[in-house]
Each structure stands twice: as C-alpha cells, then as structure tokens.
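Here's the structure, in structure tokens; my notes come after.
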Amino acid sequence: SRVDVGIVGGGPAGLMTALLLKRRGISAAVVERRSQETIRATQRAGILEAPTVDMLVDAEIGSRVLTEGHEHEGTVLSFDGVQHRIDFQALVGRSVWLYPQNEVFHDLATAWQAEGGEIHWEVDGVAVEGLEGDTPAITFADAAGEPRRIEAELIVGADGSRSMSRKLIPDDVRTDYFTSYPFAWFGILCEAPPTAPELIYANSEVGFALISQRNEDITRMYFQCDPDTDPEDWSDDAIFEHIQQVLGGEDVVALKRGRIIDKTVLPFRSYVCDPLTYGRLVLAGDAGHTVPPTGAKGLNLAFSDVRALVPRIEEFLTGLRSGPARGDGSAGGGPADLTAPLRRYSATALDRVWKAQNFSWWATNLLHRRPGEDAFAHQRRRGEFQAITGSVHGQSYFADSYTGWAEV
Ligand code: DHB
C-alpha cells in the first residue's frame, strides 16, 4: 500500500501518532510485531501527566481516562517512616491521573481500528528501506506469512526500547547516551484494596518501595531489588514484610495485603538517541529514549514526542508537495532542506527528553539505596529529601516535574 507516513510499532507512541496525523488529514499505516492481546496484558506504569490526559481528551480518544481513571491531586513521599504529602494542585495547579498504560494502549488501538486505520499486528521480519531517497518503505511478512510492502514519504520508528529502527541511523551520525543502575524493581499485582488514598514513594535503610493502585480490588506495588532476583525466591509473606518495613511501622501506615497474582522484575536504565531523525526516519517514544520507571515518565515522554512531532510532519509534507521536483538536489529545495522540520522536531523533543531524563535519574537516586553504600550516603539523602519536602520551592520542583511541565 501507499500512505503518507509508515509507522513501525503499534504501542502508545505509534498509535497516538497515527491518530493525530489522521486528525490533520494525513494518512498512516502501522505495523506491530506483537499481538494486540499481548500488549494489552503487559503491565506498565499507571500515572498520566496532565498534558498526556489533555492529548487523549482533545483527540477524542480519552473519555475512559476521565470516567475510569482517578485524579490524584498529590502524592506522598516517605523517608525512614516519616511521610510528607506533596500537594500538586496547591503547588502547580495540575493533577495526574491514575490510569494504567495498557488501558491507554487499548483505547488508542480501539479508536484507530474503529476509524478504519490500517494496522498489521503480529508481523515478522520488519525492515525499512530507502531512508536516504524519497520513497522509503516498510517491508514485512503479515500474520498470515504473506510478504507486504508499505511505501510512504516518511517512516516513524516507534518500536520501543529494543528498537530496530534507531539502528538505521548510521553510527557516525548517532550518539547513544546510556547509563545503568545497580538495582531493579520487583513489581507485584495483588488482590488488595488501596493502602492509602494517594501513591506512596518510600525510601528507607532497606531501600525503595512504591505503593501504587489499580482499582478497588487490585493493588500495584514495587520494591527495590537486585537485578538478578528470581521472583520465585520471594514468598508473598516475605514481600509484604519487606514493603511494610520500607514504609515504617504499622502505626505509620498499615499495608493492605492480598493474594499476589503477578510478580516481575523490571530492569533500570537511562538511554537517549541523538538525533531522533535521519533522512526520511523519525523516532518517537522509547525507540529514541528510555527512562528508569521512578516517576512514570516513559509513556508521558512518548506523548510529548508525538505532540512535538505531528505539526513538524505536516510541515514536512507540505514542503514536499509545494517544493521543486522530487529528487532535485539543487540548492534551496533539495532533500536536506525538506527534512529541516524533522530536525527541528529532534531538537525540541530532546530538550524535554533531557529534562525528564534528569528528573527520572534524580528521583531514582533520591529514593533508592545503592548496594554497599555507607551511613553517610543515607544521611546525605535524608538531607536532600528534607530540602525537597521541607520547602515550598523544593516541593514545587517535584510537583512541576512529576505532573508534566506545561511547556513543550
Ligand atoms: C506506577 C509506576 C511508576 O513507575 C510510578 O512512578 C508510579 C506508578 C504504576 O505502575 O502504577
């Protein structure tokens, strides 16, 4: 087939791009390796920034986020069993919404398909060609094994943190910024009601824990663990005892317990690809950058990429259609100039990406214990914690970053 934009990856970044392009009369087709059911069943973070919710609502995809999501006007930070509430509304006038990312995916996939959008699930052997020319294409085998080809003016690589598309940016053009962490998260889902009205991010001498939520009957929690942990080595009782210890005594907050129905270890890393474009390719979401989970920035950052990208794609296509004959490399109208809006997208998006990289890295270091650290490190962190919770300026920094900076 032939469309304006071919999209590799049918997660939230790819689907949101496809839907917003369609709102501007730009056609798109999406290919995805996994099945729709697999993506929907994969547990991801559950906090949406205010600008993310606005995008869902403005694009008329988002009524479920408002009816089934829960607005959180603040969160609790806990250090050695002492709790401080950060009041987002009072500090920055914004809230976040608790609405699981796999539901965001479901809403986007449902909308795209209901609107007749082209999407191929469970494809195999995806390859991209022609990025340096003017007719790039995605080739793949569809779910029935039939070879297929989608020709486009532009390819969006939205294929997640193990992206193949970012590797299409040649090594001498691409800089990979990367850092790793000496810990991971142990995530559980359990059959328990919420422990507290808001999320609790806690640090203690035995490390980090997060009490999140899903609904009245199911709770999501995480605690810091060694990256090599085998989830089966932890009994339900041992997990709850440990999390209760991180939170402090039952007089501080009594953890609600229940049968554990899912246990997974989540890796931690930070990654940025620079630039986010090459020839007729642009990257969006995890394909271009990965953050550690603390603060739940991943999907929100993918949406801010899309917000910056869609108008630049429209500008690129307009330039293409009004420009000189295609393939004419002459000064003033050649391919290098045509892709200028895409390079502007990369620069704009990377500014926000690095802000979020900083916040995710900072919140991670504020809230986790490094293996083998000394007593000084823990007390220093307590000082940092009090610098945040003990002043309106510190609290505002946290609230502004956590709820999603208002500007692009
Ligand atoms: C959740 C995950 C996060 O990483 C976070 O910071 C907050 C909530 C969650 O899964 O609910």
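Ligands are numbered from 1 in the order shown, chains are lettered A, B, ... in the order of the structure tokens, and residues start at 1 in each chain.
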Worksheet item: Can you list, as a count of residues only, every residue of stretch 124-209 of chain A that DSSP puts in strand (DSSP E or B)?
Response: 41
Practice prompt. Mind checking which residues fall within 9 Å of A:Val353, counting only C-alpha atoms, ignoring those fewer than 6 positions away in the same chain, and posting them as an NGL selection string?
Written response: :A and (272 or 289 or 301 or 304-305)
Fill in: Shell of 7 Å around stretch 293-295 of chain A, only C-alpha atoms, local chain residues under 6 positions omitted, as an NGL selection string
:A and (360 or 363-364 or 402)
So that I have them on file, write out the residues from the current selection with N, CA and C atoms, as a PDB file, in the first residue's frame.
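Contents of result.pdb, as written:
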```
ATOM      1  N   SER A 360      13.918  11.687  36.151  1.00  0.00           N
ATOM      2  CA  SER A 360      13.831  10.252  36.429  1.00  0.00           C
ATOM      3  C   SER A 360      15.096   9.752  37.131  1.00  0.00           C
ATOM      4  N   ALA A 363      15.068  11.401  40.776  1.00  0.00           N
ATOM      5  CA  ALA A 363      14.099  10.770  41.682  1.00  0.00           C
ATOM      6  C   ALA A 363      14.550   9.346  42.022  1.00  0.00           C
ATOM      7  N   THR A 364      15.132   8.664  41.037  1.00  0.00           N
ATOM      8  CA  THR A 364      15.663   7.318  41.280  1.00  0.00           C
ATOM      9  C   THR A 364      16.753   7.367  42.348  1.00  0.00           C
ATOM     10  N   TYR A 402       6.818  16.183  38.159  1.00  0.00           N
ATOM     11  CA  TYR A 402       6.021  14.962  38.229  1.00  0.00           C
ATOM     12  C   TYR A 402       4.738  15.077  37.414  1.00  0.00           C
TER      13      TYR A 402
END
```
Discussion item. Let me make sure I understand: among A:His378, A:Lys297, A:Lys355, A:Arg369, which one has the smallest atom-to-atom distance to ligand 1 if we use only C-alpha atoms and all ligand atoms?
Written reply: A:Lys297
Could you pull out the residues sitting within 7 Å of ligand 1, using only C-alpha atoms and all ligand atoms, and write them as a short mmCIF file (atom, residue, chain, number, x, y, z; two decimals) with C-alpha atoms, in the first residue's frame?
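Once everything was written out, this is result.cif:
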```cif
data_model
loop_
_atom_site.label_atom_id
_atom_site.label_comp_id
_atom_site.auth_asym_id
_atom_site.auth_seq_id
_atom_site.Cartn_x
_atom_site.Cartn_y
_atom_site.Cartn_z
CA ARG A 44 3.31 -0.88 32.54
CA ALA A 45 3.19 2.24 34.69
CA GLY A 46 -0.09 3.82 35.70
CA ILE A 47 0.43 7.56 36.07
CA PRO A 100 -2.92 2.13 33.50
CA SER A 212 0.57 2.42 43.60
CA GLN A 213 -3.00 1.44 42.78
CA ARG A 214 -5.10 -0.15 40.06
CA ARG A 220 0.20 -2.46 42.24
CA PRO A 293 10.48 3.77 35.99
CA THR A 294 10.64 6.08 39.04
CA GLY A 295 8.17 8.89 38.34
CA ALA A 296 6.45 7.07 35.45
#
```
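Comparing A:Val392, A:Ala196, A:Ile155, A:Ala347 by their smallest distance to A:His72, the closest is A:Ala196 (using only C-alpha atoms).
For the set A:Glu314, A:Asp80, A:Asp274, A:Asp286, the residue with the smallest atom-to-atom gap to A:Arg381 is A:Asp80, counting only C-alpha atoms.
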Discussion item. With only C-alpha atoms as the counted atoms, please give the residues lying no more than 12 Å from A:Glu115, apart from itself and same-chain residues fewer than 3 positions off, as a ChimeraX atom specification.
Written reply: /A:18-19,22-23,27,60-61,108-112,118-119
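With distances taken over only C-alpha atoms, A:Pro267 is the one residue among A:Pro267, A:Gly383, A:Gly9, A:Pro227 lying closest to A:Val291.
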Worksheet, complete the sentence: Restricting to only C-alpha atoms, whichever of A:Val265, A:Ile243, A:Leu317, A:Leu66 is closest to A:Ala152 is A:Leu317
Discussion item. Please extract the residues of stretch 130-379 of chain A with a backbone DSSP assignment of alpha helix (DSSP H) and present them as a PyMOL selection string.
Written reply: chain A and resi 236-247+298-322+335-338+340-367+375-379
Worksheet entry | Residue contacts of A:Leu168 (10 Å, only C-alpha atoms) excluding same-chain residues fewer than 5 positions away, as a VMD selection string | chain A and resid 127 to 129 131 157 163 174 277 to 279 281
Worksheet item: So which residues touch stretch 90-92 of chain A within 10 Å, counting only C-alpha atoms, skipping near sequence neighbours fewer than 2 positions away, as a PyMOL selection string?
Response: chain A and resi 73-74+86-88+94-95+392-393+395-401+403+405-406
Export, as a PDB file, in the first residue's frame, the selected residues with C-alpha atoms.
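What follows is the written file out_1.pdb:
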```
ATOM      1  CA  GLU A  73      -4.041  15.886  43.393  1.00  0.00           C
ATOM      2  CA  GLY A  74      -0.938  14.920  45.325  1.00  0.00           C
ATOM      3  CA  ILE A  86       3.217  16.894  48.006  1.00  0.00           C
ATOM      4  CA  ASP A  87       0.077  18.851  47.071  1.00  0.00           C
ATOM      5  CA  PHE A  88       0.259  19.156  43.272  1.00  0.00           C
ATOM      6  CA  ARG A  94      -2.200  20.453  37.979  1.00  0.00           C
ATOM      7  CA  SER A  95      -3.084  16.862  38.846  1.00  0.00           C
ATOM      8  CA  VAL A 392       7.689  25.137  49.058  1.00  0.00           C
ATOM      9  CA  HIS A 393      10.402  25.608  46.414  1.00  0.00           C
ATOM     10  CA  GLN A 395       8.043  20.711  46.694  1.00  0.00           C
ATOM     11  CA  SER A 396       7.230  22.823  43.640  1.00  0.00           C
ATOM     12  CA  TYR A 397      10.205  21.386  41.740  1.00  0.00           C
ATOM     13  CA  PHE A 398       8.915  17.889  42.435  1.00  0.00           C
ATOM     14  CA  ALA A 399       5.284  18.763  41.622  1.00  0.00           C
ATOM     15  CA  ASP A 400       6.162  20.636  38.405  1.00  0.00           C
ATOM     16  CA  SER A 401       8.305  17.776  37.099  1.00  0.00           C
ATOM     17  CA  THR A 403       2.805  16.406  36.786  1.00  0.00           C
ATOM     18  CA  TRP A 405       5.997  20.684  32.604  1.00  0.00           C
ATOM     19  CA  ALA A 406       3.408  22.859  30.912  1.00  0.00           C
TER      20      ALA A 406
END
```
Practice prompt. Would you list the contacts of A:Arg370 as a PyMOL selection string, taking every protein, DNA or RNA residue within 10 Å and counting only C-alpha atoms, but skipping same-chain residues closer than 6 positions in sequence?
Written response: chain A and resi 181-183+206-207+377-378
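Minimum atom-to-atom distances from A:Gly258, A:Pro231, A:Pro275, A:Pro136 to A:Ile169 were compared using only C-alpha atoms, and the lowest value belongs to A:Pro275.
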Practice prompt. May I ask for the distance between atom CA of A:Thr195 and atom CA of A:Val246, given in Å to one decimal place?
Written response: 14.1 Å
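Atom CA of A:Phe140 is positioned 29.1 Å from atom CA of A:Gly319.
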Worksheet entry | Separation of atom CA of A:Phe178 from atom CA of A:Glu373 in Å | 22.6 Å
